[in-house]
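Participant: A single structure is presented below for examination.
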Amino acid sequence: MTNEAPGPADPGAGAGLPVLLEAVLSVGSELELRATLQHIVDSAIELCSARYAALGVIDPERVRLTELYTAGLSEAERAAIPRLPDGRTGVIGALITDPRPLVLEDLSKDPRSSGLPPGHPPMRSFLGVPIRVHTEVFGNLYLTEKRGGGTFTDEDLALVRVLASQAGIAIGNARLYETARRRERWIEGAAAVTTTLLAGRPAADALMCVAERARLLADAAAGVVLQPTPEGGMEIVAASTQGDPGDLVGTAIAPGSPVLVQLLGGEPVFIEDSATDPRMTTHVRERFGPSMMLPLQSGGQLIGTLALPRARGGRPYDAVDRLLASQFASQAALALVLADAQHDREQLAVYEDRDRIARDLHDLVVQRLFATEMMLESTKKRSASAPAGDTVGDELGRAVDELDSTIQEVRTAIFALQQPPTDAPTTVRGRILRETGGAAVLLGFQPSVHFAGAVDALLPEPVAGELLSALRGALAAAHRRAQVTSIEVEVDATPARVRLTVTDDGRTDSGTRGTTLAWESELTP
């Protein structure tokens with residue numbers, strides 16, 4: 001039994017040099033980490049003529065095995081092994097706590113041996129070598145059962161140590177490549193979430209978008225977003241799973257929970273097993289294993305929490321997962337704040353537009369009603385003393401016309417109030433109002449618009465397009481004329497025809513005031 005092997009022998013002196021060179025080339029040919037690890041195991045078993053080989057990946061934080069790559073085992077033998085060794089006991093645990101090369105003639109006779117699990121094939125001769133990536137022990141390479149019944153030699157150990165050294169370089173490169181790819185995916189995911197949120201999605205859809213994208217990026221069983229409750233707890237308001245989220249939405253963390261104290265303080269929470277962690281108190285914790293709970297905060301404002309639990313027995317989150325997910329949560333929180341601010345700006349635009357319409361109603365409609373009232377009052381006084389057949393009827397007729405015009409203005413204003421300024425109107429009335437509203441920016445005043453007849457119901461799309469084109473031309477021509485202070489737009493629709501009349505008070509080239517453009521189109525029954 002040898003605990004510390006002597007320095008590596010010259011591999012060129014043995015027949016294993018060609019196999020070693022081929023193994024080194026094979027190990028360095030892959031950039032994908034999992035493929036690289038499997039290549040190392042396959043190369044080692046051939047290099048030393050071993051029956052079985054394995055590579056155990058060590059979690060430096062938990063000091064245990066997280067993954068095991070094997071070679072030489074049949075599918076039936078793999079299926080008979082109940083679970084991954086914990087790496088804390090036996091010879092495997094000894095190599096993790098004391099990472100030095102180890103050669104044993106008979107594994108079962110070593111006092112550190114804890115035996116083999118049921119169903120495991122028998123193993124006697126053993127060779128173990130640590131694999132270092134820079135100064136960190138990444139894992140251990142194990143070989144057992146030297147073919148021919150012998151034990152592993154010093155030359156075998158030297159060859160495996162050279163292979164382990166090259167494997168450390170290859171693993172380092174593969175890890176850098178994998179980290180770069182994972183970082184790229186998370187960055188792309190954060191950019192996609194930001195773009196989606198700033199597109200004006202409703203609040204519930206925005207939170208669901210964050211949960212769904214984070215779940216896919218983290219390879220989690222679920223992605224959930226929690227928000228603070230008035231009672232001081234947190235409640236799941238959005239949940240994304242591969243299937244039906246069930247009763248996830250609505251699940252609440254009670255006030256005073258230990259995990260809640262950390263989250264409300266803006267600290268991330270990393271959990272190894274949700275089902276057994278005493279900090280987890282919800283009834284859904286039994287479904288999940290490793291989990292990350294990341295605060296969504298921006299500028300000191302806590303919006304909520306993003307939780308990414310994996311299934312029971314799932315792979316624990318490593319340091320890169322935690323870093324990238326935390327950065328994603330920060331970016332998503334900022335996007336949520338910006339989306340909320342954008343929604344507030346849109347609401348402010350609505351209020352400003354309604355305030356403008358209110359001013360228009362006051363300046364135009366209310367003044368016209370007041371003038372009509374004075375006209376009727378004057379007419380009433382004169383009618384008391386005037387002979388029959390005087391001009392009373394004419395003035396009353398004008399008053400009625402003014403009232404009818406005022407009613408049309410009120411109807412137009414009410415319809416404009418119903419059109420959100422950020423939405424593209426779909427009705428003919430809305431499109432006409434949008435055209436005149438846009439012209440008001442250049443004109444310095446709002447054109448007056450009157451509708452008669454069922455404009456939206458009677459005008460087909462081609463005719464509506466021609467009408468809008470004629471309206472744009474008329475408004476542009478009015479803008480070019482001098483001293484234009486008012487424009488009246490009238491749209492009159494009947495089942496047989498539609499007529500557009502645009503009248504302004506600007507001066508023409510001949511010096512006359514008052515210009516009218518009329519456009520008319522027949523409507524096919």
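In the structure tokens, chains take the letters A, B, ... in the order shown, each chain's residues start at 1, and ligands count up from 1 in the order shown.
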Near range 467-476 of chain A, counting only C-alpha atoms, which residues have an atom at most 8 Å away, once you skip same-chain residues fewer than 5 positions from it, shown as a list of chain:residue names?
Facilitator: A:Arg431, A:Ile432, A:Glu435, A:Thr436, A:Ala439, A:Leu500, A:Val502, A:Leu517, A:Trp519
Participant: Using DSSP assignments from the backbone, pull out every residue in range 278-367 of chain A that falls under helix (DSSP H, G or I) and give it to me as a count of residues only.
Facilitator: 54
Participant: Taking 2 positions as the minimum chain separation for residues in the same chain, which residues sit within 8 Å of Asp273 in chain A when counting only C-alpha atoms? Answer as a compact mmCIF listing (two decimals) with C-alpha atoms, in the first residue's frame.
Facilitator:
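Once everything was written out, this is around_2.txt:
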# COMPACT_ATOMS: atom_id res chain seq x y z
CA ILE A 271 -30.60 26.84 -0.28
CA ALA A 275 -37.49 20.29 1.49
CA THR A 276 -35.24 20.01 4.55
CA ASP A 277 -33.99 23.56 5.09
CA PHE A 288 -37.99 21.19 -4.58
CA GLY A 289 -34.31 20.75 -3.83
CA PRO A 290 -31.55 23.32 -4.49
CA SER A 291 -32.91 26.85 -4.77
CA ARG A 312 -35.46 17.19 -5.55
Participant: Just give me the gap between CA of His479 in chain A and CA of Leu433 in chain A in Å, one decimal is fine.
Facilitator: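 About the pair CA of His479 in chain A and CA of Leu433 in chain A: they are 17.1 Å apart.
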Participant: Can you pull out the residues contacting Leu141 in chain A? Cut-off 6 Å, using only C-alpha atoms, and skip same-chain residues under 3 positions away; I want them as a list in words.
Facilitator: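 The residues satisfying every condition are Ala54, Leu55, Gly128 and Val129 of chain A.
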Participant: Please identify all polymer residues within 12 Å of Arg34 in chain A, counting only C-alpha atoms, omitting same-chain residues fewer than 6 positions from it, and present them as a short mmCIF file (atom, residue, chain, number, x, y, z; two decimals) with C-alpha atoms, in the first residue's frame.
Facilitator:
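And here's around_23.cif as it stands now:
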data_model
loop_
_atom_site.label_atom_id
_atom_site.label_comp_id
_atom_site.auth_asym_id
_atom_site.auth_seq_id
_atom_site.Cartn_x
_atom_site.Cartn_y
_atom_site.Cartn_z
CA VAL A 27 -8.53 15.23 -23.94
CA ILE A 40 -10.49 11.89 -19.57
CA VAL A 41 -12.12 8.82 -18.05
CA LEU A 55 -13.81 10.91 -12.38
CA VAL A 57 -16.12 16.31 -9.49
CA GLU A 67 -20.88 14.50 -10.32
CA LEU A 68 -19.32 11.17 -11.26
CA TYR A 69 -18.22 10.16 -14.76
CA THR A 70 -17.53 6.44 -15.25
CA ALA A 170 -8.19 21.05 -20.67
CA ILE A 171 -10.77 21.34 -17.88
CA ALA A 174 -13.52 24.02 -21.01
CA ARG A 175 -14.72 25.76 -17.86
CA TYR A 177 -15.64 28.31 -22.49
CA GLU A 178 -18.70 27.05 -20.63
#
Participant: Can you list every residue of range 305-342 of chain A that has an atom at most 10 Å from range 293-300 of chain A, with its nearest atom pair and the distance in Å to one decimal, using only C-alpha atoms, ordered by chain then number, as a tab-separated table?
Facilitator:
residue	atom	partner	partner_atom	distance
A:Thr305	CA	A:Pro295	CA	4.4
A:Leu306	CA	A:Leu294	CA	5.1
A:Ala307	CA	A:Met293	CA	4.3
A:Leu308	CA	A:Met293	CA	6.5
A:Pro309	CA	A:Met293	CA	8.2
A:Arg322	CA	A:Leu294	CA	9.2
A:Ala325	CA	A:Leu294	CA	7.9
A:Ser326	CA	A:Leu294	CA	6.4
A:Gln327	CA	A:Leu294	CA	9.6
A:Phe328	CA	A:Leu296	CA	9.5
A:Ala329	CA	A:Leu296	CA	5.7
A:Ser330	CA	A:Leu296	CA	6.1
A:Gln331	CA	A:Ser298	CA	8.6
A:Ala332	CA	A:Leu296	CA	7.3
A:Ala333	CA	A:Leu296	CA	4.9
A:Leu334	CA	A:Ser298	CA	5.6
A:Ala335	CA	A:Ser298	CA	9.2
A:Leu336	CA	A:Leu296	CA	9.1
A:Val337	CA	A:Ser298	CA	7.4
A:Leu338	CA	A:Ser298	CA	10.0
Participant: Can you tell me, as a PyMOL selection string, what residues are no more than 8 Å from Ser448 in chain A when counting only C-alpha atoms, ignoring any on the same chain fewer than 4 positions away?
Facilitator: chain A and resi 409+486-489
Participant: Convert the current residue selection to file output with C-alpha atoms, as a PDB file, in the first residue's frame.
Facilitator:
ATOM      1  CA  GLU A 409     -68.430  69.802 -30.635  1.00  0.00           C
ATOM      2  CA  SER A 486     -59.352  78.709 -37.242  1.00  0.00           C
ATOM      3  CA  ILE A 487     -60.119  75.606 -39.266  1.00  0.00           C
ATOM      4  CA  GLU A 488     -63.405  73.734 -39.380  1.00  0.00           C
ATOM      5  CA  VAL A 489     -63.542  70.118 -40.538  1.00  0.00           C
TER       6      VAL A 489
END
Participant: Tell me which protein, DNA and RNA residues are within 12 Å of Ala254 in chain A, counting only C-alpha atoms, leaving out same-chain ones fewer than 6 positions away, and put them as a ChimeraX atom specification.
Facilitator: /A:228-236,260-261,279-283
Participant: Find the distance between CA of Gly313 in chain A and CA of Ala220 in chain A and write it in Å to one decimal.
Facilitator: 12.0 Å
Participant: Pick the closest to Phe126 in chain A from A:Val162, A:Ala53, A:Ala239, A:Leu523: which is it, counting only C-alpha atoms?
Facilitator: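 Looking at the shortest contact to Phe126 in chain A, the residue is A:Ala53.
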Participant: What is the CA of Asp321 in chain A-CA of Gly168 in chain A distance in Å, reported with one decimal?
Facilitator: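 Straight-line distance from CA of Asp321 in chain A to CA of Gly168 in chain A works out to 21.4 Å.
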Participant: From a DSSP pass on the backbone, collect the residues of range 169-228 of chain A flagged as strand (DSSP E) and hand them back as a list in words.
Facilitator: Ala222, Gly223, Val224, Val225, Leu226, Gln227 and Pro228 of chain A
Participant: Restricting the calculation to only C-alpha atoms: of A:Ile253, A:Ala464, A:Leu159, A:Leu207, which residue gets closest to Arg285 in chain A?
Facilitator: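 The closest residue to Arg285 in chain A is A:Ile253.
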Participant: Just checking: using only C-alpha atoms, which residue out of A:Ala214, A:Leu102, A:Val91, A:Ala180 ends up closest to Val193 in chain A?
Facilitator: A:Ala214
